[in-house]
$ cat final15.txt   # compact mmCIF, C-alpha atoms
# COMPACT_ATOMS: atom_id res chain seq x y z
CA MET A 1 49.31 19.01 -81.67
CA THR A 2 52.31 18.73 -79.37
CA VAL A 3 53.09 19.60 -75.79
CA SER A 4 56.05 21.77 -74.78
CA GLN A 5 57.34 22.93 -71.40
CA THR A 6 57.21 26.73 -71.04
CA GLU A 7 58.70 28.37 -67.93
CA GLY A 8 57.53 25.62 -65.62
CA ARG A 9 54.11 25.15 -67.20
CA ILE A 10 52.76 22.92 -69.95
CA ALA A 11 51.71 24.73 -73.14
CA LEU A 12 49.90 23.28 -76.10
CA ALA A 13 51.43 24.00 -79.50
CA SER A 14 49.02 24.07 -82.41
CA PRO A 15 48.56 25.96 -85.68
CA MET A 16 46.47 28.57 -83.89
CA ASN A 17 48.70 28.65 -80.81
CA PRO A 18 52.15 29.63 -82.07
CA VAL A 19 52.96 31.45 -78.85
CA ALA A 20 53.49 28.15 -77.04
CA SER A 21 57.21 28.11 -77.77
CA ARG A 22 60.21 27.15 -75.69
CA PRO A 23 61.83 30.37 -74.36
CA THR A 24 65.54 30.81 -73.81
CA SER A 25 67.00 33.25 -71.32
CA LEU A 26 68.60 36.41 -72.67
CA SER A 27 72.08 37.58 -71.73
CA ARG A 28 72.53 40.89 -69.92
CA GLU A 29 73.82 42.45 -73.14
CA GLN A 30 70.84 41.19 -75.12
CA ARG A 31 68.43 42.57 -72.53
CA ALA A 32 70.20 45.96 -72.43
CA TRP A 33 70.25 46.33 -76.20
CA ARG A 34 66.68 45.15 -76.50
CA TRP A 35 65.51 47.89 -74.15
CA ARG A 36 67.39 50.47 -76.22
CA VAL A 37 65.95 49.20 -79.50
CA LEU A 38 62.39 48.97 -78.18
CA THR A 39 62.65 52.46 -76.68
CA ALA A 40 64.05 53.90 -79.91
CA ALA A 41 61.37 52.20 -82.01
CA TYR A 42 58.62 53.33 -79.63
CA LEU A 43 59.68 56.96 -79.43
CA GLY A 44 60.58 57.02 -83.12
CA TYR A 45 57.00 56.35 -84.12
CA VAL A 46 55.81 58.92 -81.60
CA GLY A 47 58.00 61.31 -83.59
CA PHE A 48 56.34 60.26 -86.83
CA TYR A 49 52.97 61.23 -85.37
CA LEU A 50 54.31 64.56 -84.13
CA THR A 51 55.23 65.37 -87.73
CA ARG A 52 52.05 63.88 -89.24
CA LYS A 53 48.94 64.87 -87.32
CA VAL A 54 49.35 68.59 -86.62
CA PHE A 55 47.30 69.45 -89.70
CA THR A 56 44.28 67.54 -88.40
CA ILE A 57 43.93 69.81 -85.35
CA CYS A 58 44.64 72.96 -87.36
CA LYS A 59 42.11 72.43 -90.16
CA THR A 60 39.58 75.03 -89.05
CA SER A 61 42.28 77.61 -88.18
CA VAL A 62 44.11 77.21 -91.50
CA ALA A 63 40.83 77.30 -93.45
CA ASP A 64 39.69 80.45 -91.63
CA GLN A 65 42.97 82.30 -92.25
CA PHE A 66 43.05 81.57 -95.96
CA GLY A 67 39.32 81.75 -96.60
CA TRP A 68 38.85 78.08 -97.51
CA GLU A 69 35.81 75.96 -96.79
CA LEU A 70 36.41 73.25 -94.20
CA ALA A 71 35.69 70.67 -96.92
CA ASP A 72 38.61 72.08 -98.98
CA THR A 73 41.06 70.86 -96.34
CA ALA A 74 39.95 67.31 -97.13
CA HIS A 75 41.81 67.47 -100.47
CA ILE A 76 45.08 68.41 -98.75
CA TRP A 77 44.81 65.52 -96.32
CA THR A 78 43.76 63.21 -99.15
CA ALA A 79 47.03 64.05 -100.94
CA PHE A 80 48.87 62.90 -97.82
CA LEU A 81 46.82 59.71 -97.58
CA VAL A 82 47.29 58.75 -101.24
CA ALA A 83 51.05 59.20 -100.91
CA TYR A 84 51.03 57.29 -97.62
CA MET A 85 49.26 54.36 -99.27
CA LEU A 86 51.75 54.25 -102.17
CA GLY A 87 54.65 54.69 -99.79
CA GLN A 88 53.65 51.65 -97.72
CA PHE A 89 54.32 49.33 -100.65
CA ILE A 90 57.50 51.13 -101.71
CA ASN A 91 58.96 51.35 -98.23
CA SER A 92 58.03 47.84 -97.13
CA TYR A 93 60.03 46.51 -100.07
CA ILE A 94 62.94 48.89 -99.31
CA GLY A 95 62.85 47.87 -95.65
CA ARG A 96 62.90 44.15 -96.52
CA LYS A 97 65.87 44.80 -98.84
CA TRP A 98 67.97 47.35 -96.91
CA GLY A 99 66.72 47.08 -93.34
CA SER A 100 64.50 49.08 -91.03
CA ARG A 101 67.16 51.57 -89.95
CA VAL A 102 67.11 53.21 -93.38
CA LEU A 103 63.36 53.69 -93.07
CA LEU A 104 63.28 55.12 -89.56
CA VAL A 105 66.25 57.48 -89.64
CA GLY A 106 65.75 58.71 -93.19
CA GLY A 107 61.98 58.95 -93.16
CA LEU A 108 61.71 60.81 -89.86
CA GLY A 109 64.38 63.30 -90.89
CA LEU A 110 62.63 64.17 -94.15
CA SER A 111 59.25 64.46 -92.42
CA MET A 112 60.66 67.03 -90.00
CA ALA A 113 61.81 69.11 -92.97
CA CYS A 114 58.29 69.02 -94.43
CA ASN A 115 56.77 70.30 -91.19
CA VAL A 116 59.15 73.25 -91.07
CA VAL A 117 57.89 74.15 -94.55
CA PHE A 118 54.24 73.88 -93.44
CA GLY A 119 54.87 76.46 -90.74
CA PHE A 120 56.03 79.00 -93.35
CA THR A 121 53.64 78.27 -96.22
CA ASN A 122 50.93 80.66 -97.35
CA SER A 123 49.40 78.82 -100.31
CA TYR A 124 47.07 75.93 -100.97
CA SER A 125 49.37 74.46 -103.65
CA THR A 126 52.39 74.42 -101.31
CA PHE A 127 50.37 72.68 -98.63
CA LEU A 128 49.17 70.15 -101.19
CA ALA A 129 52.61 69.39 -102.70
CA PHE A 130 54.50 69.05 -99.43
CA MET A 131 51.69 67.09 -97.81
CA PHE A 132 52.00 64.55 -100.64
CA PHE A 133 55.78 64.28 -100.12
CA ASN A 134 55.28 64.03 -96.36
CA GLY A 135 52.92 61.11 -96.95
CA LEU A 136 55.60 59.23 -98.90
CA VAL A 137 58.22 59.59 -96.16
CA GLN A 138 55.73 59.07 -93.32
CA ALA A 139 55.05 55.65 -94.83
CA THR A 140 58.52 54.56 -93.68
CA GLY A 141 57.42 54.72 -90.05
CA TRP A 142 55.22 51.71 -89.34
CA PRO A 143 57.00 49.11 -91.52
CA GLY A 144 60.28 50.33 -90.05
CA THR A 145 58.96 50.04 -86.50
CA VAL A 146 57.51 46.53 -86.95
CA GLY A 147 60.61 45.40 -88.83
CA THR A 148 62.85 46.70 -86.05
CA VAL A 149 61.12 44.96 -83.15
CA SER A 150 60.27 41.70 -84.95
CA GLU A 151 63.74 40.18 -84.55
CA TRP A 152 64.05 41.30 -80.94
CA LEU A 153 60.89 39.54 -79.67
CA ARG A 154 60.17 35.84 -79.15
CA GLY A 155 56.88 34.33 -80.21
CA TYR A 156 55.32 33.77 -76.79
CA GLU A 157 55.84 37.42 -75.73
CA ARG A 158 55.07 39.10 -79.06
CA GLY A 159 51.44 40.01 -78.41
CA THR A 160 51.98 41.56 -74.99
CA ILE A 161 55.08 43.58 -75.87
CA MET A 162 53.80 44.69 -79.26
CA GLY A 163 50.53 45.64 -77.59
CA PHE A 164 52.49 48.04 -75.41
CA MET A 165 54.68 49.05 -78.35
CA SER A 166 51.65 49.84 -80.48
CA THR A 167 50.54 52.52 -78.05
CA ASN A 168 53.28 54.72 -79.54
CA TYR A 169 50.97 56.30 -82.09
CA LEU A 170 48.37 56.88 -79.38
CA ILE A 171 50.97 58.71 -77.32
CA GLY A 172 51.97 60.61 -80.45
CA ASN A 173 48.34 61.52 -81.10
CA MET A 174 47.88 62.74 -77.55
CA LEU A 175 51.10 64.76 -77.67
CA VAL A 176 49.99 66.42 -80.89
CA LYS A 177 46.59 67.26 -79.41
CA SER A 178 48.13 68.49 -76.14
CA LEU A 179 51.30 70.31 -77.24
CA GLY A 180 49.96 71.18 -80.68
CA GLY A 181 46.58 72.15 -79.24
CA TYR A 182 48.21 74.43 -76.65
CA LEU A 183 50.42 76.12 -79.24
CA LEU A 184 47.43 76.42 -81.57
CA GLY A 185 45.36 78.23 -78.96
CA ALA A 186 48.20 80.38 -77.59
CA TYR A 187 50.33 81.25 -80.64
CA GLY A 188 48.50 80.08 -83.76
CA TRP A 189 48.68 77.13 -86.15
CA ARG A 190 52.19 77.85 -87.48
CA TRP A 191 53.72 77.35 -84.04
CA SER A 192 51.86 74.05 -83.73
CA PHE A 193 53.92 72.75 -86.67
CA TRP A 194 57.19 74.22 -85.45
CA GLY A 195 56.84 73.21 -81.79
CA CYS A 196 56.04 69.57 -82.56
CA THR A 197 58.98 69.45 -84.99
CA VAL A 198 61.43 70.64 -82.32
CA LEU A 199 60.36 67.80 -80.02
CA THR A 200 60.69 65.32 -82.89
CA PHE A 201 64.25 66.46 -83.56
CA ALA A 202 65.28 65.33 -80.06
CA ILE A 203 63.65 61.94 -80.68
CA TRP A 204 65.45 61.57 -84.04
CA TRP A 205 68.84 61.66 -82.32
CA LEU A 206 67.84 58.90 -79.93
CA VAL A 207 66.69 56.73 -82.86
CA TYR A 208 69.97 57.38 -84.65
CA PHE A 209 72.08 56.15 -81.73
CA TRP A 210 69.91 53.32 -80.32
CA GLN A 211 68.12 51.69 -83.26
CA ARG A 212 69.51 48.38 -84.59
CA ASN A 213 67.73 46.09 -87.06
CA ARG A 214 68.64 42.86 -85.26
CA PRO A 215 70.85 41.63 -82.40
CA GLU A 216 73.61 40.60 -84.83
CA ASP A 217 74.01 44.28 -85.82
CA ALA A 218 74.98 45.01 -82.21
CA GLY A 219 77.44 42.10 -82.13
CA LEU A 220 75.04 39.82 -80.24
CA PRO A 221 73.70 36.32 -80.95
CA PRO A 222 70.16 36.21 -82.42
CA ILE A 223 67.17 36.17 -80.08
CA ILE A 224 64.71 34.38 -82.36
CA ASP A 225 65.13 31.13 -84.29
CA ALA A 226 64.94 32.17 -87.95
CA ASP A 227 64.50 28.56 -89.06
CA SER A 228 61.45 27.90 -86.89
CA LYS A 229 58.19 27.64 -88.82
CA ASP A 230 56.27 29.08 -85.83
CA ALA A 231 52.99 27.73 -87.29
CA ARG A 232 52.99 30.41 -90.00
CA ALA A 233 49.88 30.73 -92.11
CA VAL A 234 51.98 32.11 -95.01
CA ARG A 235 55.08 30.32 -96.27
CA ALA A 236 57.66 32.86 -97.47
CA SER A 237 61.44 33.06 -97.74
CA GLN A 238 63.30 33.82 -94.50
CA ALA A 239 66.43 34.99 -96.33
CA ASP A 240 67.90 38.38 -95.44
CA THR A 241 66.42 39.90 -98.60
CA LEU A 242 63.50 39.10 -100.89
CA THR A 243 63.51 39.36 -104.66
CA PHE A 244 60.84 41.56 -106.18
CA THR A 245 59.03 38.46 -107.45
CA GLN A 246 59.00 36.95 -103.96
CA TYR A 247 57.71 40.23 -102.57
CA VAL A 248 54.83 40.28 -105.08
CA GLU A 249 53.97 36.65 -104.27
CA LEU A 250 53.83 37.56 -100.58
CA ALA A 251 51.63 40.59 -101.31
CA LEU A 252 49.18 38.47 -103.33
CA ASN A 253 48.86 35.70 -100.76
CA PRO A 254 45.13 35.26 -99.92
CA VAL A 255 45.73 35.51 -96.16
CA VAL A 256 47.69 38.75 -96.51
CA LEU A 257 45.04 40.18 -98.84
CA ALA A 258 42.27 39.25 -96.39
CA MET A 259 44.19 40.91 -93.55
CA GLY A 260 44.58 44.06 -95.64
CA ALA A 261 40.87 44.17 -96.47
CA SER A 262 39.95 43.85 -92.78
CA TYR A 263 42.46 46.47 -91.78
CA PHE A 264 40.92 48.77 -94.43
CA CYS A 265 37.81 48.99 -92.26
CA VAL A 266 39.80 49.66 -89.11
CA LYS A 267 41.82 52.45 -90.69
CA PHE A 268 38.71 53.96 -92.24
CA LEU A 269 37.18 54.26 -88.77
CA ARG A 270 40.31 55.37 -86.92
CA TYR A 271 41.36 57.99 -89.44
CA ALA A 272 37.84 59.33 -89.68
CA LEU A 273 37.96 60.10 -85.96
CA ASP A 274 41.56 61.30 -86.00
CA SER A 275 40.83 63.64 -88.86
CA TRP A 276 37.32 64.92 -88.09
CA LEU A 277 36.49 64.49 -84.40
CA PRO A 278 38.21 67.73 -83.25
CA SER A 279 36.42 69.64 -86.01
CA PHE A 280 33.06 68.00 -85.23
CA LEU A 281 33.40 68.89 -81.55
CA ASN A 282 34.29 72.44 -82.54
CA VAL A 283 31.15 72.66 -84.72
CA GLN A 284 29.05 71.32 -81.83
CA GLY A 285 30.06 74.17 -79.52
CA LEU A 286 33.61 73.72 -78.18
CA ASP A 287 36.43 76.16 -78.97
CA VAL A 288 39.35 74.77 -81.01
CA ALA A 289 41.61 74.14 -78.00
CA ARG A 290 38.94 72.32 -75.94
CA ALA A 291 37.84 70.36 -79.01
CA SER A 292 41.40 69.12 -79.36
CA TYR A 293 41.57 68.18 -75.66
CA TYR A 294 38.16 66.44 -75.58
CA SER A 295 38.95 64.37 -78.65
CA GLN A 296 41.70 62.68 -76.64
CA VAL A 297 39.09 60.56 -74.84
CA PHE A 298 39.13 58.41 -77.98
CA ASP A 299 42.92 58.06 -77.69
CA PHE A 300 43.06 57.38 -73.94
CA ALA A 301 40.47 54.62 -74.24
CA GLY A 302 42.31 53.25 -77.26
CA LEU A 303 45.53 53.15 -75.25
CA ALA A 304 43.90 50.84 -72.72
CA GLY A 305 42.31 48.76 -75.48
CA ALA A 306 45.59 48.26 -77.33
CA ILE A 307 47.44 47.10 -74.20
CA LEU A 308 44.64 44.78 -73.14
CA ALA A 309 44.36 43.30 -76.65
CA GLY A 310 48.07 42.42 -76.68
CA TRP A 311 47.81 40.73 -73.29
CA LEU A 312 44.67 38.84 -74.35
CA LEU A 313 46.39 37.67 -77.54
CA ASP A 314 49.15 35.91 -75.58
CA ARG A 315 47.33 34.85 -72.42
CA VAL A 316 43.71 34.15 -73.38
CA PHE A 317 43.46 33.74 -77.15
CA LYS A 318 46.82 31.91 -77.33
CA GLY A 319 47.96 33.60 -80.52
CA ASN A 320 44.60 33.36 -82.31
CA TRP A 321 44.69 36.96 -83.52
CA ALA A 322 41.91 36.50 -86.07
CA PHE A 323 39.29 35.46 -83.52
CA LEU A 324 40.34 38.19 -81.09
CA CYS A 325 39.92 40.81 -83.82
CA PHE A 326 36.46 39.43 -84.59
CA VAL A 327 35.41 39.78 -80.95
CA LEU A 328 36.64 43.39 -80.87
CA ALA A 329 34.85 44.10 -84.17
CA ILE A 330 31.58 43.15 -82.49
CA GLY A 331 32.49 45.55 -79.67
CA SER A 332 33.06 48.39 -82.16
CA ILE A 333 29.51 47.89 -83.47
CA GLY A 334 28.24 48.43 -79.93
CA GLY A 335 30.39 51.54 -79.64
CA TYR A 336 28.87 53.20 -82.68
CA VAL A 337 25.37 52.27 -81.58
CA SER A 338 26.08 54.20 -78.36
CA VAL A 339 27.37 57.20 -80.36
CA ILE A 340 24.17 57.35 -82.40
CA ARG A 341 21.91 56.73 -79.39
CA PHE A 342 23.55 58.91 -76.71
CA GLY A 343 25.75 61.44 -78.56
CA THR A 344 23.51 64.47 -77.94
CA ASN A 345 26.21 66.94 -76.80
CA PRO A 346 30.02 67.29 -77.09
CA VAL A 347 30.72 65.60 -73.74
CA ASN A 348 28.55 62.59 -74.52
CA VAL A 349 30.09 62.37 -78.00
CA ALA A 350 33.60 62.28 -76.55
CA ILE A 351 32.68 59.58 -74.00
CA CYS A 352 30.90 57.38 -76.54
CA PHE A 353 33.80 57.64 -78.93
CA GLY A 354 36.01 56.50 -76.05
CA LEU A 355 34.17 53.16 -76.20
CA VAL A 356 34.78 53.04 -79.95
CA GLY A 357 38.48 53.73 -79.41
CA PHE A 358 38.74 50.96 -76.82
CA MET A 359 37.39 48.44 -79.34
CA ILE A 360 39.06 49.72 -82.51
CA TYR A 361 42.66 50.16 -81.35
CA GLY A 362 43.03 46.48 -80.45
CA PRO A 363 42.56 45.23 -84.04
CA ASP A 364 44.51 48.25 -85.25
CA THR A 365 47.60 47.22 -83.29
CA ILE A 366 47.24 43.48 -83.91
CA LEU A 367 46.59 43.33 -87.67
CA ALA A 368 49.52 45.57 -88.59
CA GLY A 369 51.69 44.43 -85.67
CA ALA A 370 51.84 41.03 -84.01
CA ALA A 371 49.74 39.34 -86.70
CA SER A 372 51.96 40.73 -89.48
CA VAL A 373 55.03 39.25 -87.81
CA GLN A 374 53.37 35.95 -86.91
CA VAL A 375 51.71 35.23 -90.23
CA ALA A 376 54.90 34.95 -92.34
CA GLY A 377 57.78 34.99 -89.87
CA GLU A 378 59.94 37.63 -88.22
CA LYS A 379 62.07 38.49 -91.24
CA ASN A 380 58.98 39.24 -93.28
CA GLY A 381 57.39 41.40 -90.59
CA VAL A 382 58.49 44.64 -92.26
CA ALA A 383 57.10 43.50 -95.63
CA VAL A 384 53.76 42.13 -94.40
CA ALA A 385 53.18 45.14 -92.14
CA GLY A 386 53.73 47.45 -95.09
CA ILE A 387 51.56 45.41 -97.47
CA VAL A 388 48.67 45.11 -95.00
CA ASN A 389 49.00 48.77 -94.09
CA GLY A 390 49.22 49.75 -97.75
CA ILE A 391 45.99 47.96 -98.68
CA ALA A 392 44.30 49.37 -95.60
CA SER A 393 45.50 52.90 -96.34
CA VAL A 394 42.87 53.16 -99.06
CA GLY A 395 40.43 53.46 -96.14
CA PRO A 396 41.71 56.82 -94.87
CA ILE A 397 41.66 58.19 -98.42
CA VAL A 398 38.05 57.14 -98.94
CA GLN A 399 36.88 58.43 -95.56
CA GLU A 400 38.49 61.84 -96.01
CA GLU A 401 36.74 62.53 -99.30
CA VAL A 402 33.45 60.87 -98.38
CA ILE A 403 33.15 62.66 -95.04
CA GLY A 404 34.30 65.90 -96.64
CA TRP A 405 31.42 65.50 -99.10
CA LEU A 406 28.95 64.59 -96.34
CA VAL A 407 29.72 67.72 -94.28
CA ARG A 408 29.71 70.13 -97.21
CA GLY A 409 26.88 72.60 -96.64
CA ASP A 410 24.75 71.18 -93.79
CA VAL A 411 27.44 70.12 -91.30
CA PRO A 412 25.12 68.81 -88.48
CA THR A 413 23.32 66.52 -90.91
CA GLY A 414 26.67 65.47 -92.32
CA ILE A 415 27.86 64.49 -88.85
CA ARG A 416 24.78 62.30 -88.31
CA ASN A 417 25.27 60.63 -91.68
CA THR A 418 28.95 60.10 -90.90
CA ASN A 419 28.08 58.20 -87.71
CA THR A 420 25.65 55.97 -89.63
CA LEU A 421 28.34 55.27 -92.23
CA ALA A 422 30.82 54.36 -89.49
CA LEU A 423 28.35 51.91 -87.93
CA SER A 424 27.93 50.24 -91.32
CA MET A 425 31.71 50.01 -91.71
CA SER A 426 31.98 48.34 -88.28
CA ILE A 427 29.48 45.68 -89.35
CA PHE A 428 31.42 45.14 -92.59
CA PHE A 429 34.64 44.76 -90.55
CA ALA A 430 33.08 42.01 -88.42
CA CYS A 431 31.98 40.16 -91.57
CA LEU A 432 35.45 40.42 -93.08
CA MET A 433 37.04 39.00 -89.93
CA VAL A 434 34.90 35.88 -90.43
CA VAL A 435 36.50 35.58 -93.88
CA VAL A 436 39.98 36.08 -92.40
CA MET A 437 39.42 33.33 -89.82
CA TRP A 438 38.32 31.00 -92.62
CA ARG A 439 41.36 31.83 -94.80
CA VAL A 440 43.78 31.34 -91.91
CA ARG A 441 42.22 28.00 -91.03
CA LEU A 442 42.51 26.85 -94.65
CA ALA A 443 46.14 27.94 -94.72
CA HIS A 444 46.93 26.01 -91.55
CA LYS A 445 45.28 22.88 -92.94
CA GLY A 446 47.54 23.11 -95.97
CA ASN A 447 50.58 24.02 -93.85
CA PRO A 448 50.43 21.88 -90.70
CA ALA A 449 52.24 23.06 -87.60
CA PRO A 450 55.76 21.80 -86.91
CA THR A 451 56.33 19.31 -84.18
CA GLU A 452 57.89 21.89 -81.90
CA GLY A 453 57.06 25.56 -81.24
CA GLY A 454 59.63 28.14 -82.15
CA GLY A 455 60.42 31.83 -82.26

$ encode --input "final15.txt" --output "structure tokens"
Amino acid sequence: MTVSQTEGRIALASPMNPVASRPTSLSREQRAWRWRVLTAAYLGYVGFYLTRKVFTICKTSVADQFGWELADTAHIWTAFLVAYMLGQFINSYIGRKWGSRVLLVGGLGLSMACNVVFGFTNSYSTFLAFMFFNGLVQATGWPGTVGTVSEWLRGYERGTIMGFMSTNYLIGNMLVKSLGGYLLGAYGWRWSFWGCTVLTFAIWWLVYFWQRNRPEDAGLPPIIDADSKDARAVRASQADTLTFTQYVELALNPVVLAMGASYFCVKFLRYALDSWLPSFLNVQGLDVARASYYSQVFDFAGLAGAILAGWLLDRVFKGNWAFLCFVLAIGSIGGYVSVIRFGTNPVNVAICFGLVGFMIYGPDTILAGAASVQVAGEKNGVAVAGIVNGIASVGPIVQEEVIGWLVRGDVPTGIRNTNTLALSMSIFFACLMVVVMWRVRLAHKGNPAPTEGGG
């Protein structure tokens, strides 16, 4: 363990405290470009959600118009989720090879085209086919976002800034439920798709002009020290590109695999609520518009939880992301206990799920954000984020089909069983985080920290 001076205070540098690094001041040009890049990355992923989540608030309306059972819509969303899982691995490799700009600009443009098609479609097969393709291109979003910001942030500020950055999908979710919900109630489900796509088109132009992969692409000196080990738990090449063999080795690293397994639980829980909470509230007595509005309690609470988790990671837990995620996993167990105990009407359900959102969104932002950058270095952020997200994306697939099966026929009983399943998944998540902490500690013992903090 070493001691380094950080902005007038002494900070301890250790394997579990990589944020204690020596900062350097940024030039005015670096600061200006960094604001542009962070803004473009933030709003870009908001755009991805505007072209992803409309279907989840329109399920009952689409099913009613075409005479489907609500459970039939699960297969359409499952097609998206399977493609999204596969796309995470494909796009994280592409992003590591060709850069994040290709992912963000290309992926968002193709997703907008899919949503225009959804607004015109009249068949189950068309929904299914284009939802699968939309899943593939939507998978460019998160690896591209993490890869973009990773080389613009220094180690000691990564948790706080990425905590704020990671609220982008919460804002996107709330925009979909507000704008999409209004259009759904006033003009029908087709206009929900079209209206959200128009807003995304404006965001796409901003991403096109402001996004840059790294400071050098804007003619600026680098912000981070690419040679610094930054107490990484995973040793991987910091070259501009990885070979396919190096990518596979990174994907099979025990720490990365453990992160992916833990994130599986988080995504299972989050996507279950994203996908089914508006429908469950509708079944319990709210009209479709109010069900969409009420379900935002989960998102607003998650917004606060994500920001607080990022601040805690830097200021209190000193970069120990694994232990912080374990603490929040325990909190999620308490949240689901409150849902089962007090969720007797739609208002209580929404409030109790707010507590769940507050606890779940912290690990959600950390595992696929700051931890993915920290664990193997900034240049590998796009790859690790995609790998962890890809493994975890099995969770949304499983939840969609399992919950669809649970609610088939007797929906109220299915809702109760779904809450019990979610509580069990929260307990499993906490157990897995114990495994992650153990794997990270073993990795740090085999890879001791450098004598000086970096990043």

$ atom_distance --input "final15.txt" --atom1 "atom CA of A:Lys177" --atom2 "atom CA of A:Tyr293"
6.3 Å

$ residues_around --input "final15.txt" --residues "A:Ala71" --least-positions-apart "2" --cutoff "7 Å" --atoms "only C-alpha atoms" --output "MDAnalysis selection string"
chainID A and resid 69 73:74 404 408

$ closest_residue --input "final15.txt" --among "A:Leu136, A:Met165, A:Leu423, A:Val256" --to "A:Trp35" --atoms "all atoms listed in the file"
A:Met165

$ atom_distance --input "final15.txt" --atom1 "atom CA of A:Ala272" --atom2 "atom CA of A:Phe118"
22.2 Å

$ atom_distance --input "final15.txt" --atom1 "atom CA of A:Asp217" --atom2 "atom CA of A:Arg158"
20.8 Å

$ closest_atom_pairs --input "final15.txt" --of "stretch 337-400 of chain A" --to "stretch 81-96 of chain A" --cutoff "12 Å" --atoms "only C-alpha atoms" --output "tab-separated table"
residue	atom	partner	partner_atom	distance
A:Ala368	CA	A:Gln88	CA	11.7
A:Glu378	CA	A:Arg96	CA	11.0
A:Lys379	CA	A:Arg96	CA	7.8
A:Asn380	CA	A:Arg96	CA	7.1
A:Gly381	CA	A:Arg96	CA	8.5
A:Val382	CA	A:Ser92	CA	5.8
A:Ala383	CA	A:Ser92	CA	4.7
A:Val384	CA	A:Ser92	CA	7.6
A:Ala385	CA	A:Ser92	CA	7.5
A:Gly386	CA	A:Ser92	CA	4.8
A:Ile387	CA	A:Phe89	CA	5.8
A:Val388	CA	A:Gln88	CA	8.7
A:Asn389	CA	A:Gln88	CA	6.6
A:Gly390	CA	A:Gln88	CA	4.8
A:Ile391	CA	A:Met85	CA	7.2
A:Ala392	CA	A:Met85	CA	7.9
A:Ser393	CA	A:Met85	CA	5.0
A:Val394	CA	A:Met85	CA	6.5
A:Gly395	CA	A:Leu81	CA	9.1
A:Pro396	CA	A:Leu81	CA	6.5
A:Ile397	CA	A:Leu81	CA	5.4
A:Val398	CA	A:Leu81	CA	9.2
A:Gln399	CA	A:Leu81	CA	10.2
A:Glu400	CA	A:Leu81	CA	8.7

$ residues_near_point --input "final15.txt" --point "(53.7, 45.7, -72.3)" --cutoff "8 Å" --atoms "all atoms listed in the file" --output "short mmCIF file (atom, residue, chain, number, x, y, z; two decimals) with C-alpha atoms, in the frame of the given file"
data_model
loop_
_atom_site.label_atom_id
_atom_site.label_comp_id
_atom_site.auth_asym_id
_atom_site.auth_seq_id
_atom_site.Cartn_x
_atom_site.Cartn_y
_atom_site.Cartn_z
CA THR A 160 51.98 41.56 -74.99
CA ILE A 161 55.08 43.58 -75.87
CA MET A 162 53.80 44.69 -79.26
CA GLY A 163 50.53 45.64 -77.59
CA PHE A 164 52.49 48.04 -75.41
CA MET A 165 54.68 49.05 -78.35
CA ILE A 307 47.44 47.10 -74.20
CA GLY A 310 48.07 42.42 -76.68
CA TRP A 311 47.81 40.73 -73.29
#

$ residues_near_point --input "final15.txt" --point "(39.2, 70.1, -100.8)" --cutoff "12 Å" --atoms "all atoms listed in the file" --output "count of residues only"
26

$ closest_residue --input "final15.txt" --among "A:Phe264, A:Cys431, A:Gly302, A:Ala233" --to "A:Val327" --atoms "all atoms listed in the file"
A:Cys431

$ closest_residue --input "final15.txt" --among "A:Ala443, A:Trp98, A:Thr51, A:Thr167" --to "A:Gly135" --atoms "all atoms listed in the file"
A:Thr51

$ closest_residue --input "final15.txt" --among "A:Asn417, A:Gln138, A:Asn168, A:Gln284" --to "A:Asp299" --atoms "all atoms listed in the file"
A:Asn168

$ closest_residue --input "final15.txt" --among "A:Leu406, A:Val347, A:Val255, A:Val46" --to "A:Ala371" --atoms "all atoms listed in the file"
A:Val255

$ closest_residue --input "final15.txt" --among "A:Thr344, A:Gln246, A:Ser150, A:Thr197" --to "A:Val375" --atoms "all atoms listed in the file"
A:Ser150

$ residues_around --input "final15.txt" --residues "stretch 361-363 of chain A" --least-positions-apart "5" --cutoff "7 Å" --atoms "all atoms listed in the file" --output "ChimeraX atom specification"
/A:302,305-306,309,325,328

$ axis_aligned_box --input "final15.txt" --around "stretch 67-76 of chain A" --padding-each-side "6 Å" --output "AutoDock Vina command-line options"
--center_x 40.4 --center_y 74.5 --center_z -97.3 --size_x 21.4 --size_y 26.4 --size_z 18.3

$ build_atoms --input "final15.txt" --residues "stretch 77-82 of chain A" --atoms "N, CA and C atoms" --output "PDB file, in the frame of the given file"
ATOM      1  N   TRP A  77      44.538  66.736 -97.094  1.00  0.00           N
ATOM      2  CA  TRP A  77      44.810  65.520 -96.320  1.00  0.00           C
ATOM      3  C   TRP A  77      44.700  64.282 -97.201  1.00  0.00           C
ATOM      4  N   THR A  78      43.840  64.333 -98.215  1.00  0.00           N
ATOM      5  CA  THR A  78      43.760  63.210 -99.150  1.00  0.00           C
ATOM      6  C   THR A  78      45.068  63.044 -99.904  1.00  0.00           C
ATOM      7  N   ALA A  79      45.720  64.144-100.275  1.00  0.00           N
ATOM      8  CA  ALA A  79      47.030  64.050-100.940  1.00  0.00           C
ATOM      9  C   ALA A  79      48.021  63.309-100.058  1.00  0.00           C
ATOM     10  N   PHE A  80      48.010  63.624 -98.762  1.00  0.00           N
ATOM     11  CA  PHE A  80      48.870  62.900 -97.820  1.00  0.00           C
ATOM     12  C   PHE A  80      48.522  61.408 -97.816  1.00  0.00           C
ATOM     13  N   LEU A  81      47.244  61.099 -97.738  1.00  0.00           N
ATOM     14  CA  LEU A  81      46.820  59.710 -97.580  1.00  0.00           C
ATOM     15  C   LEU A  81      47.103  58.880 -98.826  1.00  0.00           C
ATOM     16  N   VAL A  82      46.948  59.469-100.006  1.00  0.00           N
ATOM     17  CA  VAL A  82      47.290  58.750-101.240  1.00  0.00           C
ATOM     18  C   VAL A  82      48.783  58.429-101.267  1.00  0.00           C
TER      19      VAL A  82
END
